[in-house]
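Coordinates as given in data_33.txt (compact mmCIF, C-alpha atoms):
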```
# COMPACT_ATOMS: atom_id res chain seq x y z
CA ASP Z 1 160.89 64.34 87.06
CA THR Z 2 160.71 64.02 83.27
CA GLU Z 3 164.38 63.52 82.67
CA VAL Z 4 166.54 60.74 81.33
CA THR Z 5 170.11 61.09 82.55
CA GLN Z 6 173.21 59.54 81.02
CA THR Z 7 176.74 59.24 82.32
CA PRO Z 8 179.41 59.91 81.36
CA LYS Z 9 178.86 62.76 78.88
CA HIS Z 10 182.10 61.94 77.07
CA LEU Z 11 184.21 58.80 77.04
CA VAL Z 12 187.51 58.04 75.34
CA MET Z 13 188.61 54.42 75.46
CA GLY Z 14 191.20 52.21 73.86
CA MET Z 15 190.34 49.08 71.94
CA THR Z 16 191.38 46.83 74.83
CA ASN Z 17 189.48 48.72 77.54
CA LYS Z 18 186.28 47.72 79.28
CA LYS Z 19 183.88 50.54 80.14
CA SER Z 20 180.19 51.03 80.86
CA LEU Z 21 177.59 53.62 79.93
CA LYS Z 22 174.82 54.33 82.39
CA CYS Z 23 171.26 55.56 81.85
CA GLU Z 24 168.69 56.38 84.52
CA GLN Z 25 165.04 57.51 84.55
CA HIS Z 26 162.62 58.05 87.42
CA MET Z 27 159.43 58.47 85.43
CA GLY Z 28 158.17 54.94 86.11
CA HIS Z 29 158.71 54.02 82.46
CA ARG Z 30 158.76 50.31 81.69
CA ALA Z 31 160.61 50.36 78.37
CA MET Z 32 164.19 51.53 77.88
CA TYR Z 33 166.24 51.78 74.71
CA TRP Z 34 169.83 52.13 73.51
CA TYR Z 35 170.50 53.91 70.22
CA LYS Z 36 173.73 54.60 68.35
CA GLN Z 37 174.02 57.75 66.27
CA LYS Z 38 176.79 58.56 63.82
CA ALA Z 39 177.39 62.15 62.68
CA LYS Z 40 174.66 63.57 60.45
CA LYS Z 41 172.69 60.30 60.53
CA PRO Z 42 169.49 59.37 62.34
CA PRO Z 43 169.72 57.20 65.46
CA GLU Z 44 169.92 53.43 64.97
CA LEU Z 45 168.18 51.20 67.46
CA MET Z 46 170.46 48.77 69.28
CA PHE Z 47 168.46 47.24 72.16
CA VAL Z 48 165.04 47.47 73.78
CA TYR Z 49 164.23 46.40 77.32
CA SER Z 50 160.59 45.93 78.20
CA TYR Z 51 159.69 45.29 81.85
CA GLU Z 52 163.39 44.68 82.55
CA LYS Z 53 163.66 41.94 79.94
CA LEU Z 54 165.55 42.25 76.67
CA SER Z 55 162.88 42.33 73.97
CA ILE Z 56 164.82 43.54 70.93
CA ASN Z 57 168.46 43.08 69.95
CA GLU Z 58 169.08 44.55 66.50
CA SER Z 59 171.89 42.10 65.71
CA VAL Z 60 174.35 44.18 67.69
CA PRO Z 61 177.91 42.75 67.99
CA SER Z 62 178.63 41.01 71.29
CA ARG Z 63 181.24 43.62 72.21
CA PHE Z 64 178.17 45.65 73.30
CA SER Z 65 176.40 44.05 76.26
CA PRO Z 66 173.26 45.64 77.71
CA GLU Z 67 172.04 45.17 81.25
CA CYS Z 68 168.88 46.31 83.02
CA PRO Z 69 169.44 45.86 86.78
CA ASN Z 70 166.07 47.43 87.65
CA SER Z 71 163.25 49.35 86.03
CA SER Z 72 165.02 52.72 86.44
CA LEU Z 73 168.49 51.80 85.29
CA LEU Z 74 170.01 50.68 82.00
CA ASN Z 75 173.68 49.96 81.39
CA LEU Z 76 175.67 49.32 78.24
CA HIS Z 77 178.90 47.42 78.83
CA LEU Z 78 181.62 47.96 76.25
CA HIS Z 79 184.55 45.66 75.57
CA ALA Z 80 187.08 45.37 72.75
CA LEU Z 81 185.47 48.10 70.71
CA GLN Z 82 186.63 49.22 67.28
CA PRO Z 83 187.28 52.80 66.12
CA GLU Z 84 184.15 52.60 63.95
CA ASP Z 85 182.11 52.24 67.16
CA SER Z 86 182.86 55.89 67.93
CA ALA Z 87 179.48 57.61 68.01
CA LEU Z 88 176.88 59.29 70.19
CA TYR Z 89 175.08 56.69 72.30
CA LEU Z 90 171.57 57.71 73.26
CA CYS Z 91 169.33 56.18 75.86
CA ALA Z 92 165.55 56.61 75.80
CA SER Z 93 162.59 55.47 77.85
CA SER Z 94 158.84 55.21 77.31
CA GLN Z 95 155.89 54.49 79.53
CA GLU Z 96 154.59 51.32 77.93
CA GLY Z 97 156.43 48.06 77.49
CA ALA Z 98 155.43 47.76 73.89
CA GLY Z 99 153.57 49.66 71.23
CA ALA Z 100 153.67 53.32 70.36
CA SER Z 101 154.31 55.54 73.32
CA GLU Z 102 156.30 58.73 73.49
CA GLN Z 103 160.01 58.22 73.93
CA TYR Z 104 162.06 60.51 76.13
CA PHE Z 105 165.73 60.75 75.22
CA GLY Z 106 168.78 61.39 77.34
CA PRO Z 107 171.56 63.82 76.35
CA GLY Z 108 173.78 61.03 75.11
CA THR Z 109 177.32 59.81 75.73
CA ARG Z 110 179.84 60.78 73.07
CA LEU Z 111 182.18 57.81 72.73
CA THR Z 112 185.57 57.91 71.04
CA VAL Z 113 187.46 54.64 70.53
CA THR Z 114 191.17 55.10 69.89
CA LYS M 115 164.77 53.24 50.40
CA ASN M 116 164.02 54.92 53.74
CA GLU M 117 160.44 54.27 54.80
CA VAL M 118 160.20 57.78 56.20
CA GLU M 119 161.00 60.66 53.88
CA GLN M 120 161.56 64.23 55.03
CA SER M 121 161.78 67.41 53.03
CA PRO M 122 163.61 69.60 52.69
CA GLN M 123 166.91 68.08 53.84
CA ASN M 124 168.32 71.54 54.56
CA LEU M 125 166.51 74.78 55.23
CA THR M 126 167.71 78.30 55.91
CA ALA M 127 165.45 81.09 57.04
CA GLN M 128 165.53 84.65 58.30
CA GLU M 129 164.38 85.30 61.83
CA GLY M 130 160.60 85.75 61.93
CA GLU M 131 159.83 83.56 58.92
CA PHE M 132 157.18 80.84 58.97
CA ILE M 133 158.78 77.43 58.47
CA THR M 134 157.31 74.14 57.30
CA ILE M 135 159.01 70.75 57.38
CA ASN M 136 157.32 67.79 55.73
CA CYS M 137 157.33 64.08 56.48
CA SER M 138 155.88 61.26 54.35
CA TYR M 139 155.69 57.59 55.19
CA SER M 140 154.86 54.56 53.12
CA VAL M 141 152.36 52.40 55.04
CA GLY M 142 149.89 52.73 57.89
CA ILE M 143 151.34 53.80 61.22
CA SER M 144 150.14 53.86 64.81
CA ALA M 145 151.84 57.15 65.74
CA LEU M 146 154.36 59.72 64.60
CA HIS M 147 157.02 61.58 66.59
CA TRP M 148 158.56 64.96 65.83
CA LEU M 149 161.95 65.30 67.51
CA GLN M 150 164.50 68.11 67.78
CA GLN M 151 168.26 67.71 68.07
CA HIS M 152 170.67 70.58 68.60
CA PRO M 153 174.26 70.16 67.30
CA GLY M 154 176.19 67.70 69.45
CA GLY M 155 173.20 67.30 71.71
CA GLY M 156 170.55 64.90 72.85
CA ILE M 157 167.12 64.57 71.32
CA VAL M 158 164.02 66.35 72.59
CA SER M 159 160.54 65.05 71.87
CA LEU M 160 158.40 67.85 70.46
CA PHE M 161 155.18 66.01 69.63
CA MET M 162 153.72 62.57 69.35
CA LEU M 163 150.50 62.40 67.35
CA SER M 164 148.30 59.86 65.64
CA SER M 165 145.64 62.19 64.22
CA GLY M 166 144.76 65.84 63.78
CA LYS M 167 146.88 68.66 65.05
CA LYS M 168 148.88 69.62 68.14
CA LYS M 169 150.27 73.00 69.17
CA HIS M 170 152.92 73.94 71.68
CA GLY M 171 154.05 77.54 71.78
CA ARG M 172 155.29 78.50 68.31
CA LEU M 173 155.29 74.89 67.10
CA ILE M 174 152.38 73.20 65.35
CA ALA M 175 152.30 69.61 64.11
CA THR M 176 149.65 68.16 61.83
CA ILE M 177 149.08 64.71 60.46
CA ASN M 178 146.92 63.44 57.59
CA ILE M 179 146.51 59.70 58.01
CA GLN M 180 144.84 59.17 54.61
CA GLU M 181 147.66 60.94 52.76
CA LYS M 182 150.37 59.45 55.03
CA HIS M 183 151.85 62.87 55.59
CA SER M 184 152.76 65.09 58.52
CA SER M 185 154.02 68.65 58.75
CA LEU M 186 155.85 70.57 61.45
CA HIS M 187 155.36 74.33 61.39
CA ILE M 188 157.38 76.93 63.26
CA THR M 189 155.85 80.39 63.49
CA ALA M 190 157.98 83.51 64.07
CA SER M 191 161.21 81.51 63.76
CA HIS M 192 164.18 82.44 65.93
CA PRO M 193 167.91 81.59 65.73
CA ARG M 194 167.49 79.31 68.77
CA ASP M 195 165.21 77.14 66.60
CA SER M 196 168.30 76.17 64.58
CA ALA M 197 168.56 72.40 64.95
CA VAL M 198 167.90 69.13 63.16
CA TYR M 199 164.23 68.17 63.12
CA ILE M 200 163.52 64.45 62.86
CA CYS M 201 160.28 62.71 61.99
CA ALA M 202 159.94 59.15 63.32
CA VAL M 203 157.07 56.67 63.06
CA PHE M 204 155.78 53.55 64.80
CA TYR M 205 154.73 50.79 62.41
CA ASN M 206 152.67 48.88 65.01
CA THR M 207 155.76 47.84 66.94
CA ASP M 208 157.77 49.40 69.72
CA LYS M 209 160.46 50.34 67.22
CA LEU M 210 160.75 53.87 65.93
CA ILE M 211 161.64 54.27 62.26
CA PHE M 212 163.50 57.55 61.80
CA GLY M 213 163.56 59.91 58.86
CA THR M 214 166.88 61.37 57.75
CA GLY M 215 166.20 64.73 59.40
CA THR M 216 165.87 68.34 58.26
CA ARG M 217 168.72 70.67 59.17
CA LEU M 218 167.30 74.14 59.93
CA GLN M 219 169.34 77.30 60.28
CA VAL M 220 167.64 80.53 61.24
CA PHE M 221 169.68 83.69 60.77
CA PRO M 222 169.10 86.92 62.70
```
Turn this file's structure into structure tokens for me.
Amino acid sequence: DTEVTQTPKHLVMGMTNKKSLKCEQHMGHRAMYWYKQKAKKPPELMFVYSYEKLSINESVPSRFSPECPNSSLLNLHLHALQPEDSALYLCASSQEGAGASEQYFGPGTRLTVT
Amino acid sequence: KNEVEQSPQNLTAQEGEFITINCSYSVGISALHWLQQHPGGGIVSLFMLSSGKKKHGRLIATINIQEKHSSLHITASHPRDSAVYICAVFYNTDKLIFGTGTRLQVFP
């Protein structure tokens, strides 16, 4: 299984809602990533988990809260988002906990904040 | 200034043409990724390389470490190759630095 899955595919939420994005991989990878991508721009790194511990937080606002319950699962909890947070949210995983190893990306969750 | 530069930004081609996309970076890297993204879609890893050349089907990626340059070639291009191609590099960390992408359209 060389797949990273993400749910839901699409999400529309109001600014007062609380929702979660889910990412799963069964490749035995030990690093998992959240990226945010705006239209016609490259992905921007948000968080990195290495061996289930948060290793990088790219100064992301606290309305985004990551969680790594186990080595296969990564969640992104959303609360009190702003319309400018509307974007494609991509999850990725890689074999090693750190250093350069090939990243495998999920299909993304397209988020719209109204 | 983006540390990873791609050219061209946009590229159109007729089906069957040979295509080259270029990527330049500013300092030494540990590895380079070529990625493909279809409109509205997720990202697919095409290659990761740190030296030499790799080939997969009609796709070939090369890297010249001394010149800090990589190229992605597509032979016998097809409309299904239409996508954004992104070069991304590791600067000795576990963070990928992305180029701005090359938007390719192949017409039948």
Go through chain Z and flag each residue having an atom no more than 10 Å from chain M; for those, report the closest pair of atoms plus their distance in Å to one decimal, using only C-alpha atoms, ordered by chain and rising number, as a Markdown table.
```
| residue | atom | partner | partner_atom | distance |
| --- | --- | --- | --- | --- |
| Z:Ala31 | CA | M:Asp208 | CA | 9.2 |
| Z:Tyr33 | CA | M:Lys209 | CA | 9.6 |
| Z:Ala39 | CA | M:Gly154 | CA | 8.8 |
| Z:Lys40 | CA | M:Thr214 | CA | 8.5 |
| Z:Lys41 | CA | M:Thr214 | CA | 6.5 |
| Z:Pro42 | CA | M:Thr214 | CA | 5.6 |
| Z:Pro43 | CA | M:Phe212 | CA | 7.2 |
| Z:Glu44 | CA | M:Phe212 | CA | 8.3 |
| Z:Leu45 | CA | M:Lys209 | CA | 7.8 |
| Z:Phe47 | CA | M:Lys209 | CA | 9.9 |
| Z:Val48 | CA | M:Lys209 | CA | 8.5 |
| Z:Ser50 | CA | M:Asp208 | CA | 9.6 |
| Z:Ser55 | CA | M:Asp208 | CA | 9.7 |
| Z:Ile56 | CA | M:Lys209 | CA | 8.9 |
| Z:Leu88 | CA | M:Gly154 | CA | 8.5 |
| Z:Tyr89 | CA | M:Gly156 | CA | 9.4 |
| Z:Leu90 | CA | M:Gly156 | CA | 7.3 |
| Z:Cys91 | CA | M:Gly156 | CA | 9.3 |
| Z:Ala92 | CA | M:Ile157 | CA | 9.3 |
| Z:Ser94 | CA | M:Asp208 | CA | 9.6 |
| Z:Glu96 | CA | M:Asp208 | CA | 9.0 |
| Z:Gly97 | CA | M:Asp208 | CA | 8.0 |
| Z:Ala98 | CA | M:Asp208 | CA | 5.1 |
| Z:Gly99 | CA | M:Asp208 | CA | 4.5 |
| Z:Ala100 | CA | M:Asp208 | CA | 5.7 |
| Z:Ser101 | CA | M:Asp208 | CA | 7.9 |
| Z:Glu102 | CA | M:Met162 | CA | 6.2 |
| Z:Gln103 | CA | M:Ser159 | CA | 7.2 |
| Z:Tyr104 | CA | M:Ser159 | CA | 6.4 |
| Z:Phe105 | CA | M:Ile157 | CA | 5.6 |
| Z:Gly106 | CA | M:Gly156 | CA | 6.0 |
| Z:Pro107 | CA | M:Gly156 | CA | 3.8 |
| Z:Gly108 | CA | M:Gly156 | CA | 5.5 |
| Z:Thr109 | CA | M:Gly156 | CA | 8.9 |
| Z:Arg110 | CA | M:Gly154 | CA | 8.6 |
```
Notebook entry, point to check: Restricting the calculation to all atoms listed in the file, which member of Z:Gln95, Z:Ser86, Z:Ser71, Z:Ser65 is positioned closest to Val113 of chain Z?
Noted result: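 Ranking Z:Gln95, Z:Ser86, Z:Ser71, Z:Ser65 by distance to Val113 of chain Z, first place goes to Z:Ser86.
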Dump as a PDB file with C-alpha atoms, in the coordinates of the input all residues having an atom at most 7 Å from (167.7, 84.6, 62.1), computed in the file's coordinates with only C-alpha atoms.
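And here is the file that came out, part_23.pdb:
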```pdb
ATOM      1  CA  ALA M 127     165.450  81.090  57.040  1.00  0.00           C
ATOM      2  CA  GLN M 128     165.530  84.650  58.300  1.00  0.00           C
ATOM      3  CA  GLU M 129     164.380  85.300  61.830  1.00  0.00           C
ATOM      4  CA  HIS M 192     164.180  82.440  65.930  1.00  0.00           C
ATOM      5  CA  PRO M 193     167.910  81.590  65.730  1.00  0.00           C
ATOM      6  CA  VAL M 220     167.640  80.530  61.240  1.00  0.00           C
ATOM      7  CA  PHE M 221     169.680  83.690  60.770  1.00  0.00           C
ATOM      8  CA  PRO M 222     169.100  86.920  62.700  1.00  0.00           C
TER       9      PRO M 222
END
```
Next item on the list: Between atom CA of Asn178 of chain M and atom CA of Gln123 of chain M, measure the distance and give it in Å to one decimal.
Entry: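 Atom-to-atom, atom CA of Asn178 of chain M and atom CA of Gln123 of chain M are spaced 20.9 Å apart.
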Item checked: Shell of 12 Å around Pro61 of chain Z, all atoms listed in the file, local chain residues under 2 positions omitted, as a list in words ->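 Residues meeting the cut-off are Met46, Phe47, Asn57, Glu58, Ser59, Arg63, Phe64, Ser65, Pro66, His77, Leu78, His79, Ala80, Leu81, Gln82 and Asp85 of chain Z.
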Write to file, as a compact mmCIF listing (two decimals), keeping the file's coordinate frame, the residues of the selection just made, with C-alpha atoms.
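Saved as out32.txt:
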```txt
# COMPACT_ATOMS: atom_id res chain seq x y z
CA MET Z 46 170.46 48.77 69.28
CA PHE Z 47 168.46 47.24 72.16
CA ASN Z 57 168.46 43.08 69.95
CA GLU Z 58 169.08 44.55 66.50
CA SER Z 59 171.89 42.10 65.71
CA ARG Z 63 181.24 43.62 72.21
CA PHE Z 64 178.17 45.65 73.30
CA SER Z 65 176.40 44.05 76.26
CA PRO Z 66 173.26 45.64 77.71
CA HIS Z 77 178.90 47.42 78.83
CA LEU Z 78 181.62 47.96 76.25
CA HIS Z 79 184.55 45.66 75.57
CA ALA Z 80 187.08 45.37 72.75
CA LEU Z 81 185.47 48.10 70.71
CA GLN Z 82 186.63 49.22 67.28
CA ASP Z 85 182.11 52.24 67.16
```
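The interatomic distance for the pair atom CA of Asn136 of chain M and atom CA of Arg172 of chain M works out to 16.6 Å.
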Next item on the list: Rank M:Ile188, M:Gln150, M:Glu117, M:Ala197 by their smallest atom-to-atom distance to Thr176 of chain M, using only C-alpha atoms, and report the top residue only.
Entry: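 Of M:Ile188, M:Gln150, M:Glu117, M:Ala197, the one nearest Thr176 of chain M is M:Ile188, counting only C-alpha atoms.
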Check: Which residue, M:Gly130, M:Pro122, M:Gly171, M:Gly142, has the smallest gap to Thr216 of chain M when you use all atoms listed in the file?
Finding: M:Pro122
At a cut-off of 9 Å, using all atoms listed in the file, what residues contact Glu52 of chain Z? Leave out same-chain residues fewer than 3 positions from it and give the result as a PDB file with C-alpha atoms, keeping the file's coordinate frame.
```
ATOM      1  CA  ARG Z  30     158.760  50.310  81.690  1.00  0.00           C
ATOM      2  CA  ALA Z  31     160.610  50.360  78.370  1.00  0.00           C
ATOM      3  CA  MET Z  32     164.190  51.530  77.880  1.00  0.00           C
ATOM      4  CA  TYR Z  49     164.230  46.400  77.320  1.00  0.00           C
ATOM      5  CA  SER Z  55     162.880  42.330  73.970  1.00  0.00           C
ATOM      6  CA  GLU Z  67     172.040  45.170  81.250  1.00  0.00           C
ATOM      7  CA  CYS Z  68     168.880  46.310  83.020  1.00  0.00           C
ATOM      8  CA  PRO Z  69     169.440  45.860  86.780  1.00  0.00           C
ATOM      9  CA  ASN Z  70     166.070  47.430  87.650  1.00  0.00           C
ATOM     10  CA  SER Z  71     163.250  49.350  86.030  1.00  0.00           C
ATOM     11  CA  LEU Z  74     170.010  50.680  82.000  1.00  0.00           C
TER      12      LEU Z  74
END
```
Next item on the list: Neighbourhood query: residues within 6 Å of (169.2, 74.8, 59.3), file coordinates, counting only C-alpha atoms; return as an NGL selection string.
Entry: :M and (124-126 or 196 or 217-219)
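The interatomic distance for the pair atom CA of Ser72 of chain Z and atom CA of Ala87 of chain Z works out to 23.9 Å.
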Margin query: Measuring between only C-alpha atoms, which one of M:Ser121, M:Cys137, M:Tyr199, M:His152 shows the shortest distance to Leu173 of chain M?
Written below: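 Smallest distance to Leu173 of chain M is found for M:Tyr199.
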Would you place a box with edges along x, y and z of the file around all atoms of segment 151-169 of chain M listed there, add 6 Å to each of its six sides, and report the centre and edge lengths in Å to one decimal, as AutoDock Vina command-line options?
```
--center_x 160.5 --center_y 66.4 --center_z 68.3 --size_x 43.4 --size_y 25.1 --size_z 21.1
```
